[in-house]
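Trainee: TSV, C-alpha atoms and all ligand atoms, file model39.tsv:
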```
chain	number	residue	atom	x	y	z
A	1	MET	CA	8.14	29.42	8.36
A	2	LYS	CA	5.66	27.42	6.29
A	3	VAL	CA	6.28	23.67	5.94
A	4	PRO	CA	4.74	21.86	2.95
A	5	TYR	CA	3.16	18.44	3.42
A	6	LEU	CA	4.96	17.20	0.31
A	7	ASP	CA	7.26	18.84	-2.21
A	8	LEU	CA	8.10	16.55	-5.12
A	9	LYS	CA	10.11	19.25	-6.87
A	10	ARG	CA	12.80	19.14	-4.16
A	11	GLN	CA	13.51	15.51	-4.99
A	12	TYR	CA	13.56	16.09	-8.72
A	13	VAL	CA	16.21	18.81	-8.51
A	14	THR	CA	18.59	16.46	-6.66
A	15	ILE	CA	18.54	13.98	-9.58
A	16	LYS	CA	17.59	16.27	-12.44
A	17	ASP	CA	20.33	15.17	-14.83
A	18	GLU	CA	19.73	11.47	-14.23
A	19	ILE	CA	15.99	11.87	-14.79
A	20	ASN	CA	16.40	14.03	-17.86
A	21	ASN	CA	18.82	11.48	-19.32
A	22	ALA	CA	16.36	8.66	-18.64
A	23	ILE	CA	13.61	10.59	-20.42
A	24	GLN	CA	15.85	11.44	-23.37
A	25	SER	CA	17.05	7.85	-23.62
A	26	THR	CA	13.43	6.62	-23.76
A	27	ILE	CA	12.75	9.03	-26.60
A	28	ASP	CA	15.90	7.88	-28.40
A	29	SER	CA	14.94	4.22	-28.02
A	30	CYS	CA	11.25	4.78	-28.84
A	31	ALA	CA	10.47	2.14	-26.19
A	32	PHE	CA	7.27	3.92	-25.22
A	33	VAL	CA	5.05	1.05	-24.08
A	34	ALA	CA	6.36	-2.11	-22.40
A	35	GLY	CA	9.69	-2.70	-24.27
A	36	ASP	CA	13.28	-2.54	-23.01
A	37	LYS	CA	12.88	0.20	-20.41
A	38	VAL	CA	10.09	-1.70	-18.73
A	39	LYS	CA	12.01	-4.99	-18.90
A	40	LYS	CA	15.06	-3.45	-17.25
A	41	PHE	CA	13.03	-1.86	-14.48
A	42	GLU	CA	11.17	-5.12	-13.90
A	43	GLU	CA	14.44	-7.02	-13.51
A	44	ASN	CA	15.95	-4.43	-11.19
A	45	PHE	CA	12.83	-4.07	-9.05
A	46	ALA	CA	12.48	-7.86	-8.70
A	47	ALA	CA	16.15	-8.08	-7.66
A	48	TYR	CA	15.76	-5.17	-5.22
A	49	CYS	CA	12.75	-6.80	-3.55
A	50	GLY	CA	14.31	-10.26	-3.65
A	51	THR	CA	11.81	-12.13	-5.77
A	52	LYS	CA	11.90	-13.78	-9.17
A	53	TYR	CA	9.46	-11.75	-11.20
A	54	ALA	CA	8.17	-8.19	-11.25
A	55	ILE	CA	5.72	-7.19	-13.94
A	56	GLY	CA	5.24	-3.49	-14.60
A	57	VAL	CA	1.63	-2.36	-14.97
A	58	SER	CA	-0.29	0.88	-15.45
A	59	CYS	CA	-1.03	1.61	-11.74
A	60	GLY	CA	-1.48	-0.04	-8.36
A	61	THR	CA	-5.21	-0.44	-8.84
A	62	SER	CA	-4.70	-2.44	-12.02
A	63	ALA	CA	-1.99	-4.45	-10.27
A	64	LEU	CA	-4.51	-5.49	-7.59
A	65	TYR	CA	-7.14	-6.40	-10.16
A	66	VAL	CA	-4.75	-8.36	-12.38
A	67	ALA	CA	-3.37	-10.21	-9.37
A	68	LEU	CA	-6.83	-11.30	-8.24
A	69	ARG	CA	-7.84	-12.34	-11.76
A	70	THR	CA	-4.61	-14.27	-12.18
A	71	LEU	CA	-5.43	-16.13	-8.98
A	72	ALA	CA	-8.78	-17.01	-10.59
A	73	ILE	CA	-10.75	-15.12	-7.98
A	74	GLY	CA	-14.20	-13.98	-9.03
A	75	LYS	CA	-17.91	-14.53	-8.56
A	76	GLY	CA	-18.75	-16.83	-5.67
A	77	ASP	CA	-15.55	-15.97	-3.80
A	78	ILE	CA	-14.80	-13.91	-0.72
A	79	VAL	CA	-11.61	-11.93	-0.26
A	80	VAL	CA	-10.82	-10.80	3.25
A	81	THR	CA	-9.19	-7.41	3.82
A	82	VAL	CA	-9.26	-4.34	6.06
A	83	PRO	CA	-11.81	-1.51	6.10
A	84	TYR	CA	-8.98	0.94	6.70
A	85	THR	CA	-7.11	1.30	3.42
A	86	PHE	CA	-7.35	3.24	0.18
A	87	ILE	CA	-10.51	2.21	-1.69
A	88	ALA	CA	-8.48	0.62	-4.54
A	89	THR	CA	-7.79	-2.47	-2.42
A	90	VAL	CA	-11.49	-3.19	-2.18
A	91	GLU	CA	-12.54	-1.91	-5.61
A	92	ALA	CA	-10.30	-4.54	-7.16
A	93	ILE	CA	-12.05	-7.31	-5.22
A	94	THR	CA	-15.47	-6.10	-6.32
A	95	MET	CA	-14.32	-5.66	-9.93
A	96	THR	CA	-13.58	-9.39	-10.15
A	97	GLY	CA	-17.12	-10.20	-8.99
A	98	ALA	CA	-15.89	-11.40	-5.59
A	99	ARG	CA	-17.22	-10.08	-2.28
A	100	PRO	CA	-15.05	-8.24	0.22
A	101	VAL	CA	-15.24	-9.15	3.90
A	102	PHE	CA	-13.70	-6.64	6.30
A	103	ILE	CA	-11.58	-7.48	9.32
A	104	ASP	CA	-10.73	-4.71	11.77
A	105	ILE	CA	-7.19	-3.39	12.11
A	106	GLU	CA	-4.97	-3.65	15.19
A	107	LYS	CA	-5.06	-0.58	17.38
A	108	ASP	CA	-1.29	-0.07	17.44
A	109	SER	CA	0.05	-1.21	14.04
A	110	TYR	CA	-3.05	-0.12	12.05
A	111	ASN	CA	-2.68	-3.36	10.05
A	112	ILE	CA	-5.04	-6.34	9.87
A	113	SER	CA	-5.87	-7.77	13.29
A	114	ILE	CA	-4.77	-11.38	13.50
A	115	ALA	CA	-7.11	-12.03	16.44
A	116	LYS	CA	-10.10	-10.66	14.49
A	117	LEU	CA	-9.12	-12.65	11.41
A	118	ILE	CA	-9.06	-15.87	13.43
A	119	GLN	CA	-12.34	-14.92	15.07
A	120	TYR	CA	-13.98	-14.44	11.65
A	121	ILE	CA	-12.70	-17.79	10.40
A	122	GLU	CA	-13.67	-19.69	13.54
A	123	LYS	CA	-17.04	-18.05	14.24
A	124	SER	CA	-18.37	-17.04	10.83
A	125	CYS	CA	-17.04	-19.79	8.55
A	126	THR	CA	-17.21	-23.55	8.23
A	127	ARG	CA	-14.57	-25.81	6.80
A	128	ASN	CA	-15.66	-28.11	4.01
A	129	ALA	CA	-13.79	-31.29	4.91
A	130	SER	CA	-14.06	-32.92	1.46
A	131	ASP	CA	-12.06	-30.27	-0.41
A	132	ASN	CA	-10.60	-28.31	2.52
A	133	THR	CA	-12.31	-25.07	1.53
A	134	LEU	CA	-13.54	-22.37	3.86
A	135	VAL	CA	-17.14	-21.23	3.46
A	136	ASP	CA	-18.68	-18.07	4.92
A	137	LYS	CA	-21.80	-19.23	6.81
A	138	GLN	CA	-23.87	-16.10	6.16
A	139	THR	CA	-23.40	-15.85	2.39
A	140	GLY	CA	-22.43	-19.42	1.48
A	141	LEU	CA	-19.50	-18.00	-0.50
A	142	ARG	CA	-16.05	-19.54	-0.52
A	143	VAL	CA	-13.28	-17.65	1.26
A	144	ARG	CA	-10.35	-17.66	-1.14
A	145	ALA	CA	-7.81	-15.01	-0.22
A	146	ILE	CA	-6.51	-12.47	2.28
A	147	ILE	CA	-5.20	-9.04	1.28
A	148	PRO	CA	-3.04	-7.61	4.06
A	149	VAL	CA	-2.32	-3.92	3.46
A	150	HIS	CA	1.04	-2.73	4.75
A	151	LEU	CA	-0.37	0.58	5.86
A	152	TYR	CA	1.72	3.76	6.00
A	153	GLY	CA	4.94	1.82	5.21
A	154	GLN	CA	4.95	-0.85	7.93
A	155	MET	CA	4.35	-4.50	7.11
A	156	SER	CA	1.56	-6.63	8.53
A	157	ASP	CA	2.30	-9.62	10.76
A	158	MET	CA	3.21	-11.88	7.84
A	159	ASP	CA	4.21	-15.01	9.83
A	160	GLU	CA	0.77	-15.16	11.40
A	161	ILE	CA	-1.00	-14.39	8.13
A	162	MET	CA	0.93	-17.03	6.20
A	163	ALA	CA	0.27	-19.63	8.92
A	164	ILE	CA	-3.49	-18.92	8.81
A	165	ALA	CA	-3.43	-19.02	5.01
A	166	GLN	CA	-1.72	-22.39	5.05
A	167	GLU	CA	-4.06	-23.83	7.67
A	168	TYR	CA	-7.20	-22.78	5.75
A	169	ASN	CA	-5.92	-23.08	2.20
A	170	LEU	CA	-6.12	-19.35	1.44
A	171	LEU	CA	-4.12	-17.26	-1.00
A	172	VAL	CA	-2.26	-14.18	0.23
A	173	LEU	CA	-1.99	-11.04	-1.89
A	174	GLU	CA	0.11	-8.34	-0.24
A	175	ASP	CA	-0.97	-4.78	-0.93
A	176	ALA	CA	2.47	-3.16	-0.65
A	177	ALA	CA	1.41	0.05	-2.40
A	178	GLN	CA	2.70	2.07	0.58
A	179	ALA	CA	5.66	-0.10	1.55
A	180	HIS	CA	8.47	-0.03	-1.03
A	181	GLY	CA	11.54	-1.43	0.71
A	182	ALA	CA	9.79	-2.19	4.02
A	183	VAL	CA	11.04	-5.36	5.70
A	184	TYR	CA	9.58	-8.13	7.84
A	185	LYS	CA	12.21	-10.50	9.26
A	186	ASN	CA	14.65	-10.06	6.34
A	187	GLN	CA	11.97	-10.28	3.67
A	188	LYS	CA	10.88	-7.27	1.71
A	189	ALA	CA	7.27	-6.20	1.28
A	190	GLY	CA	5.50	-7.89	-1.59
A	191	THR	CA	7.61	-11.05	-1.60
A	192	ILE	CA	6.03	-13.22	1.10
A	193	GLY	CA	2.50	-13.81	-0.20
A	194	LYS	CA	1.73	-15.62	-3.46
A	195	ILE	CA	1.62	-12.18	-5.11
A	196	GLY	CA	2.59	-8.70	-3.95
A	197	ILE	CA	1.51	-5.47	-5.61
A	198	PHE	CA	2.94	-1.95	-5.65
A	199	SER	CA	1.78	1.49	-6.71
A	200	PHE	CA	4.21	4.05	-8.09
A	201	TYR	CA	1.85	6.99	-7.73
A	202	PRO	CA	4.09	10.12	-7.61
A	203	SER	CA	3.79	10.62	-3.83
A	204	LYS	CA	4.83	7.05	-2.99
A	205	ASN	CA	8.29	6.22	-1.57
A	206	LEU	CA	9.15	5.15	-5.11
A	207	GLY	CA	7.05	7.39	-7.31
A	208	ALA	CA	6.72	7.74	-11.06
A	209	PHE	CA	6.21	10.97	-13.00
A	210	GLY	CA	2.69	9.77	-13.74
A	211	GLN	CA	1.03	6.46	-12.95
A	212	GLY	CA	2.57	3.03	-12.53
A	213	GLY	CA	2.34	-0.21	-10.62
A	214	ALA	CA	3.89	-3.65	-10.34
A	215	VAL	CA	2.90	-7.25	-9.67
A	216	LEU	CA	5.51	-9.37	-7.89
A	217	THR	CA	5.66	-13.14	-7.64
A	218	SER	CA	8.13	-15.98	-7.50
A	219	ASP	CA	5.71	-18.27	-9.35
A	220	GLU	CA	6.59	-18.59	-13.03
A	221	ARG	CA	3.09	-19.59	-14.10
A	222	ILE	CA	1.53	-16.60	-12.34
A	223	ALA	CA	4.14	-14.27	-13.86
A	224	GLU	CA	3.41	-15.61	-17.34
A	225	ARG	CA	-0.34	-15.35	-16.87
A	226	THR	CA	0.01	-11.78	-15.55
A	227	ARG	CA	2.06	-10.74	-18.58
A	228	GLN	CA	-0.62	-12.17	-20.83
A	229	PHE	CA	-3.50	-10.62	-18.90
A	230	ILE	CA	-2.09	-7.09	-19.03
A	231	ASN	CA	-1.68	-7.47	-22.78
A	232	HIS	CA	-5.21	-8.54	-23.81
A	233	GLY	CA	-4.66	-12.21	-23.02
A	234	GLN	CA	-2.05	-12.42	-25.76
A	235	THR	CA	-0.10	-15.66	-25.85
A	236	GLY	CA	1.52	-14.76	-29.18
A	237	LYS	CA	1.22	-11.97	-31.73
A	238	TYR	CA	-2.55	-11.51	-32.15
A	239	ALA	CA	-3.19	-14.85	-30.50
A	240	HIS	CA	-5.59	-14.35	-27.58
A	241	ALA	CA	-6.01	-17.39	-25.36
A	242	PHE	CA	-8.37	-15.47	-23.10
A	243	GLU	CA	-9.65	-11.93	-22.58
A	244	GLY	CA	-7.44	-9.66	-20.52
A	245	TRP	CA	-7.10	-5.90	-20.61
A	246	ASN	CA	-4.56	-3.24	-21.47
A	247	PHE	CA	-2.63	-2.63	-18.25
A	248	LYS	CA	0.88	-2.28	-19.67
A	249	MET	CA	3.48	0.02	-18.15
A	250	ASP	CA	4.60	3.18	-19.94
A	251	GLY	CA	8.26	3.30	-21.05
A	252	PHE	CA	8.92	6.77	-19.61
A	253	GLN	CA	7.64	5.72	-16.20
A	254	ALA	CA	9.82	2.60	-16.24
A	255	ALA	CA	12.94	4.58	-17.17
A	256	ILE	CA	12.22	7.13	-14.44
A	257	LEU	CA	11.45	4.46	-11.84
A	258	ASP	CA	14.60	2.56	-12.70
A	259	THR	CA	16.62	5.73	-12.15
A	260	LYS	CA	14.86	6.49	-8.87
A	261	LEU	CA	15.17	2.90	-7.61
A	262	LYS	CA	18.91	3.45	-7.06
A	263	HIS	CA	18.03	6.14	-4.49
A	264	LEU	CA	15.18	4.36	-2.75
A	265	ASP	CA	17.18	3.04	0.23
A	266	ALA	CA	18.74	6.44	0.89
A	267	TRP	CA	15.31	8.10	0.67
A	268	ASN	CA	13.78	5.54	3.02
A	269	GLN	CA	16.64	6.13	5.46
A	270	ALA	CA	15.99	9.87	5.28
A	271	ARG	CA	12.31	9.21	6.09
A	272	GLN	CA	13.37	7.06	9.06
A	273	LYS	CA	15.70	9.79	10.28
A	274	ASN	CA	12.89	12.34	10.01
A	275	ALA	CA	10.62	9.98	11.95
A	276	GLU	CA	13.23	9.68	14.71
A	277	GLN	CA	13.47	13.45	14.94
A	278	TYR	CA	9.68	13.65	15.31
A	279	ARG	CA	9.77	10.99	18.03
A	280	GLY	CA	12.33	13.03	19.94
A	281	LEU	CA	10.21	16.16	19.62
A	282	LEU	CA	6.78	14.70	20.25
A	283	SER	CA	7.22	11.81	22.68
A	284	GLY	CA	5.76	12.52	26.06
A	285	LEU	CA	3.46	15.26	24.77
A	286	ASP	CA	0.03	14.87	26.33
A	287	GLY	CA	-2.54	13.26	24.06
A	288	ILE	CA	-0.24	12.63	21.08
A	289	VAL	CA	-0.14	8.98	20.00
A	290	LEU	CA	2.98	8.28	17.95
A	291	PRO	CA	3.19	5.54	15.29
A	292	ALA	CA	4.15	2.17	16.77
A	293	ASN	CA	7.31	0.46	15.61
A	294	MET	CA	6.29	-3.20	15.58
A	295	PRO	CA	8.90	-5.91	16.30
A	296	ASP	CA	10.81	-7.56	13.42
A	297	ARG	CA	9.85	-4.80	11.02
A	298	ASP	CA	11.61	-2.02	9.20
A	299	HIS	CA	9.08	0.82	8.84
A	300	VAL	CA	9.70	2.98	5.74
A	301	TYR	CA	7.31	5.77	6.78
A	302	HIS	CA	5.38	6.35	3.61
A	303	LEU	CA	3.38	8.43	6.05
A	304	PHE	CA	4.19	9.57	9.60
A	305	VAL	CA	0.81	9.37	11.26
A	306	ILE	CA	0.00	10.59	14.74
A	307	ARG	CA	-3.34	10.29	16.52
A	308	VAL	CA	-5.07	12.91	18.69
A	309	GLU	CA	-8.44	13.26	20.43
A	310	ASP	CA	-9.46	16.67	19.08
A	311	ARG	CA	-8.28	16.53	15.48
A	312	PRO	CA	-10.37	19.45	14.18
A	313	SER	CA	-8.62	21.69	16.69
A	314	LEU	CA	-5.14	20.50	15.64
A	315	GLN	CA	-6.06	20.80	11.96
A	316	GLY	CA	-7.18	24.39	12.45
A	317	TYR	CA	-4.01	25.23	14.34
A	318	LEU	CA	-1.69	23.69	11.75
A	319	GLU	CA	-3.53	25.46	8.93
A	320	GLN	CA	-3.18	28.74	10.75
A	321	GLN	CA	0.56	28.18	11.24
A	322	GLY	CA	1.19	27.08	7.63
A	323	ILE	CA	2.07	23.46	8.42
A	324	GLY	CA	0.98	20.94	5.77
A	325	PHE	CA	-0.73	17.67	6.70
A	326	THR	CA	-3.09	15.08	5.29
A	327	ILE	CA	-5.73	12.79	6.70
A	328	ALA	CA	-5.53	9.23	5.49
A	329	TYR	CA	-8.26	8.16	5.92
A	330	PRO	CA	-11.14	10.23	7.35
A	331	VAL	CA	-13.92	7.69	6.64
A	332	PRO	CA	-13.36	3.93	6.88
A	333	LEU	CA	-14.58	1.96	3.90
A	334	HIS	CA	-17.46	0.21	5.69
A	335	MET	CA	-18.94	3.67	6.29
A	336	GLN	CA	-18.60	4.80	2.66
A	337	GLY	CA	-21.60	4.97	0.34
A	338	ALA	CA	-19.80	2.65	-2.09
A	339	TYR	CA	-20.04	-0.24	0.41
A	340	LYS	CA	-23.47	0.35	1.93
A	341	HIS	CA	-24.71	-2.81	0.26
A	342	LEU	CA	-22.30	-4.91	2.31
A	343	GLY	CA	-24.51	-4.22	5.32
A	344	TYR	CA	-21.91	-3.10	7.84
A	345	ALA	CA	-22.78	-0.54	10.51
A	346	GLN	CA	-21.00	2.03	12.62
A	347	GLY	CA	-19.34	0.26	15.53
A	348	ASP	CA	-18.48	-2.88	13.53
A	349	PHE	CA	-14.78	-1.99	13.28
A	350	PRO	CA	-13.93	0.14	16.32
A	351	ASN	CA	-10.19	0.41	15.69
A	352	ALA	CA	-10.65	1.56	12.10
A	353	GLU	CA	-13.27	4.05	13.26
A	354	LYS	CA	-11.03	5.40	16.00
A	355	CYS	CA	-8.22	5.92	13.49
A	356	ALA	CA	-10.53	7.64	11.04
A	357	GLU	CA	-11.50	10.07	13.78
A	358	GLY	CA	-8.05	10.88	15.09
A	359	VAL	CA	-5.24	10.33	12.57
A	360	ILE	CA	-3.23	13.11	11.02
A	361	ALA	CA	-0.16	12.62	8.81
A	362	LEU	CA	2.70	15.08	9.21
A	363	PRO	CA	5.24	16.03	6.51
A	364	ILE	CA	7.83	13.20	6.26
A	365	PHE	CA	9.25	13.38	2.71
A	366	PRO	CA	13.02	12.69	2.50
A	367	GLU	CA	14.10	16.21	1.57
A	368	LEU	CA	12.54	17.92	4.62
A	369	THR	CA	15.10	19.86	6.62
A	370	GLU	CA	15.82	19.39	10.32
A	371	LYS	CA	14.71	22.97	10.81
A	372	GLU	CA	11.35	22.28	9.21
A	373	ILE	CA	10.76	19.22	11.39
A	374	THR	CA	11.73	21.22	14.46
A	375	GLN	CA	9.17	23.81	13.38
A	376	VAL	CA	6.42	21.17	13.00
A	377	GLY	CA	7.32	19.73	16.42
A	378	ALA	CA	7.27	23.15	18.07
A	379	THR	CA	3.91	23.97	16.49
A	380	ILE	CA	2.35	20.75	17.78
A	381	LYS	CA	3.82	21.37	21.23
A	382	ALA	CA	2.35	24.87	21.24
A	383	TRP	CA	-1.04	23.42	20.25
A	384	VAL	CA	-0.89	20.87	23.08
A	385	GLN	CA	-0.12	23.67	25.55
A	386	SER	CA	-2.89	25.84	24.16
A	387	THR	CA	-5.46	23.10	24.83
A	388	LYS	CA	-4.66	22.88	28.56
B	401	LIG	C1	-2.94	0.78	-0.11
B	401	LIG	C2	-3.11	1.17	-1.55
B	401	LIG	N1	-3.53	0.25	-2.43
B	401	LIG	C3	-3.67	0.55	-3.73
B	401	LIG	C4	-3.42	1.80	-4.22
B	401	LIG	C5	-3.70	2.11	-5.66
B	401	LIG	O1	-2.59	2.53	-6.37
B	401	LIG	P1	-2.72	3.50	-7.66
B	401	LIG	O2	-3.10	4.84	-7.17
B	401	LIG	O3	-1.36	3.45	-8.27
B	401	LIG	O4	-3.74	2.90	-8.54
B	401	LIG	C6	-2.96	2.79	-3.35
B	401	LIG	C7	-2.64	4.13	-3.86
B	401	LIG	O5	-2.74	5.14	-3.26
B	401	LIG	C8	-2.81	2.47	-1.97
B	401	LIG	O6	-2.39	3.39	-1.08
```
Take the structure I supplied and represent it as structure tokens, if you would.
Ligand SMILES: Cc1ncc(COP(=O)(O)O)c(C=O)c1O
Mentor:
Amino acid sequence: MKVPYLDLKRQYVTIKDEINNAIQSTIDSCAFVAGDKVKKFEENFAAYCGTKYAIGVSCGTSALYVALRTLAIGKGDIVVTVPYTFIATVEAITMTGARPVFIDIEKDSYNISIAKLIQYIEKSCTRNASDNTLVDKQTGLRVRAIIPVHLYGQMSDMDEIMAIAQEYNLLVLEDAAQAHGAVYKNQKAGTIGKIGIFSFYPSKNLGAFGQGGAVLTSDERIAERTRQFINHGQTGKYAHAFEGWNFKMDGFQAAILDTKLKHLDAWNQARQKNAEQYRGLLSGLDGIVLPANMPDRDHVYHLFVIRVEDRPSLQGYLEQQGIGFTIAYPVPLHMQGAYKHLGYAQGDFPNAEKCAEGVIALPIFPELTEKEITQVGATIKAWVQSTK
């Protein structure tokens, strides 16, 4: 039996009528860009996450860029983030004119290492006592913000991050592109930092039928500024107080997302159930490192990622047996050509590098059957035995 890595069609057929109605209703209303469909989704998504404002945008990458611009981050600033994320997190920093500084991830959670973050601040920065700003000693640039990425669907250690941010007067922008509905101590992803962003890329836990993203905040001024920025800096009809861009959300995507939002908790629970089945099948198998469930967190398993020593061998075996998988991410960002100019070298971020070498994501989508998961588990077990 073949098992696909992801099959979006299976989800669509379970809610076909609802989706088709949402599409037809968008056509009937002609609310194609921004408009009522977007407004309704924004209200419902903000309420679901437990924050005041959600602003729909064109994709997660634009959400990150808009958020940074709204926080007035740009040339002369440093934004601290991880080298083990999708490139969009870092592209957005660079696009503003700011400079990214990488902090290694933790070896178990795969999220930003608090110890390494403190080490960077204490060893590589100085505090300017007159205005309480943090300055990077090597570049002389001002450290302005931290972007924790809630990788694979599990939130970063937000208490620690918020405490560091408060101590050093830093802004926190949560990249929750992979963590719709994930929880840290009763608070949902995207609602703890000053701003949180989401992607609704089709494969995400809440996915559009195209591209989409959102900016979340409880700060009215930031919400207002974000709305203006994504609409060419418009403060009134053809009144442009500043230059922005066109990052507005599409009406069809909003209507579809609003329909799918009602199912998000059930889908996340199905992912969690699938993850538990994998744990039962794979725990104790020699050389298989399972994803860690960190305390105080509700992991929503955007991806179910295991780690092995000889990944090429497992890849070959899975391919041969017709089991789908993906590798997110095979090369950490500090080793990518795009960031050569930052001057990092191999060995600078050992945990990110170890992950890049060994991670492999198994099928986890909500509609997988028990039989399929059993098949994946049995295949991995057979591979482990074949390597002895
Ligand atoms: C962590 C992270 N940040 C940002 C993005 C960018 O989102 P989008 O593809 O919607 O632009 C993604 C999307 O894959 C992501 O995984």
Trainee: Show me a table, sorted first by chain and then by increasing residue number, of the residues of chain A having an atom at most 8 Å from ligand LIG 401 (chain B), each with its shortest atom pair and the distance in Å to one decimal, counting all atoms listed in the file and written as CSV.
Mentor:
```
residue,atom,partner,partner_atom,distance
A:Ser58,CA,B:LIG401,O3,7.7
A:Cys59,CA,B:LIG401,O3,3.9
A:Gly60,CA,B:LIG401,O1,3.4
A:Thr61,CA,B:LIG401,O4,3.7
A:Ser62,CA,B:LIG401,O4,6.4
A:Ala63,CA,B:LIG401,O4,7.8
A:Leu64,CA,B:LIG401,C3,7.2
A:Thr85,CA,B:LIG401,C1,5.5
A:Phe86,CA,B:LIG401,C2,5.0
A:Ile87,CA,B:LIG401,N1,7.3
A:Ala88,CA,B:LIG401,C3,4.9
A:Thr89,CA,B:LIG401,N1,5.1
A:Val149,CA,B:LIG401,C1,5.9
A:His150,CA,B:LIG401,C1,7.2
A:Leu151,CA,B:LIG401,C1,6.5
A:Asp175,CA,B:LIG401,N1,5.8
A:Ala176,CA,B:LIG401,C1,6.7
A:Ala177,CA,B:LIG401,C2,4.7
A:Gln178,CA,B:LIG401,O6,5.5
A:Phe198,CA,B:LIG401,O1,7.2
A:Ser199,CA,B:LIG401,O3,4.0
A:Phe200,CA,B:LIG401,O3,5.6
A:Tyr201,CA,B:LIG401,O3,4.8
A:Lys204,CA,B:LIG401,O5,7.8
A:Gln211,CA,B:LIG401,O3,6.1
A:Gly212,CA,B:LIG401,O3,5.8
A:Gly213,CA,B:LIG401,O3,5.7
```
Trainee: Which residue gives the smallest distance to Lys273 of chain A among A:Phe209, A:Phe365, A:Phe41, A:Phe252, with only C-alpha atoms counted?
Mentor: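 Of A:Phe209, A:Phe365, A:Phe41, A:Phe252, the one nearest Lys273 of chain A, counting only C-alpha atoms, is A:Phe365.
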Trainee: Between A:Arg144, A:His334, A:Lys40, A:Lys75, single out the one closest to Gln166 of chain A, counting all atoms listed in the file.
Mentor: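 Of all the options, A:Arg144 lies closest to Gln166 of chain A.
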Trainee: Can you write out as JSON lines which residues of segment 153-222 of chain A fall within 7 Å of segment 255-272 of chain A, alongside each residue's closest atom pair and its distance in Å to one decimal, counting only C-alpha atoms and ordering rows by chain and ascending residue number?
Mentor:
```
{"residue": "A:Leu206", "atom": "CA", "partner": "A:Leu264", "partner_atom": "CA", "distance": 6.5}
{"residue": "A:Gly207", "atom": "CA", "partner": "A:Leu257", "partner_atom": "CA", "distance": 7.0}
{"residue": "A:Ala208", "atom": "CA", "partner": "A:Leu257", "partner_atom": "CA", "distance": 5.8}
```
Trainee: List the spatial neighbours of Thr133 of chain A as a PyMOL selection string - criterion: any atom at most 12 Å away, only C-alpha atoms, same-chain residues fewer than 2 positions off excluded.
Mentor: chain A and resi 77-78+121+125-131+135-136+140-145+165-171
Trainee: Find the residue from A:Asp219, A:Thr191, A:Val33, A:Glu372 that sits nearest to Phe247 of chain A; use only C-alpha atoms when measuring.
Mentor: A:Val33
Trainee: What does the distance from atom CA of Lys39 of chain A to atom CA of Lys188 of chain A come to in Å, to one decimal?
Mentor: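 Separating atom CA of Lys39 of chain A from atom CA of Lys188 of chain A is a distance of 20.8 Å.
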Trainee: Show me, as a list in words, the residues that have an atom within 10 Å of Pro291 of chain A when counting only C-alpha atoms, minus same-chain residues fewer than 2 positions from it.
Mentor: Asp108, Ser109, Tyr110, Tyr152, Gln154, Ala275, Arg279, Ile288, Val289, Asn293, Met294, His299, Tyr301, Leu303, Phe304, Val305, Ile306 and Arg307 of chain A
Trainee: Separation of atom CA of Glu43 of chain A and atom CA of Ile147 of chain A, in Å?
Mentor: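 The value is 24.7 Å.
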Trainee: From the list A:Gln315, A:Val3, A:Arg99, A:Thr374, which residue is nearest Ile73 of chain A when using only C-alpha atoms?
Mentor: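 Closest residue, counting only C-alpha atoms: A:Arg99.
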Trainee: Kindly give the distance, in Å, that separates atom CA of Ala352 of chain A and atom CA of Ser124 of chain A, rounded to a single decimal.
Mentor: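 Interatomic distance, atom CA of Ala352 of chain A to atom CA of Ser124 of chain A: 20.2 Å.
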Trainee: Point out the residue among A:Gly233, A:Gly181, A:Gly377, A:Pro363 with the least atom-to-atom distance to Cys49 of chain A, counting only C-alpha atoms.
Mentor: A:Gly181
Trainee: In the coordinate frame of the file, compute which residues have an atom within 7 Å of (-0.1, -16.8, -9.7) when using all atoms listed in the file, and state them as a VMD selection string.
Mentor: chain A and resid 70 to 71 194 to 195 219 221 to 223
Trainee: What's the 12 Å shell around Glu353 of chain A, counting all atoms listed in the file, without same-chain residues fewer than 6 positions away, as a list of chain:residue names?
Mentor: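 Counting all atoms listed in the file, the residues come to A:Val82, A:Pro83, A:Tyr84, A:Thr85, A:Asp104, A:Ile105, A:Glu106, A:Lys107, A:Tyr110, A:Tyr329, A:Pro330, A:Val331, A:Pro332, A:Leu333, A:His334, A:Met335, A:Gln336, A:Ala345, A:Gln346, A:Gly347, A:Val359.
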Trainee: Quick one: everything within 9 Å of Asp157 of chain A, counting all atoms listed in the file, minus sequence neighbours fewer than 2 positions away in the same chain. Send it as a list of chain:residue names.
Mentor: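 Final neighbour list, sorted by chain and number: A:Asn111, A:Ile112, A:Ser113, A:Ile114, A:Pro148, A:Met155, A:Asp159, A:Glu160, A:Ile161, A:Met162, A:Tyr184, A:Met294, A:Arg297.
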Trainee: Can you write out the residues you just picked, keeping C-alpha atoms, as a short mmCIF file (atom, residue, chain, number, x, y, z; two decimals), in the coordinates of the input?
Mentor:
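Result went into again_5.cif, see below:
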```cif
data_model
loop_
_atom_site.label_atom_id
_atom_site.label_comp_id
_atom_site.auth_asym_id
_atom_site.auth_seq_id
_atom_site.Cartn_x
_atom_site.Cartn_y
_atom_site.Cartn_z
CA ASN A 111 -2.68 -3.36 10.05
CA ILE A 112 -5.04 -6.34 9.87
CA SER A 113 -5.87 -7.77 13.29
CA ILE A 114 -4.77 -11.38 13.50
CA PRO A 148 -3.04 -7.61 4.06
CA MET A 155 4.35 -4.50 7.11
CA ASP A 159 4.21 -15.01 9.83
CA GLU A 160 0.77 -15.16 11.40
CA ILE A 161 -1.00 -14.39 8.13
CA MET A 162 0.93 -17.03 6.20
CA TYR A 184 9.58 -8.13 7.84
CA MET A 294 6.29 -3.20 15.58
CA ARG A 297 9.85 -4.80 11.02
#
```
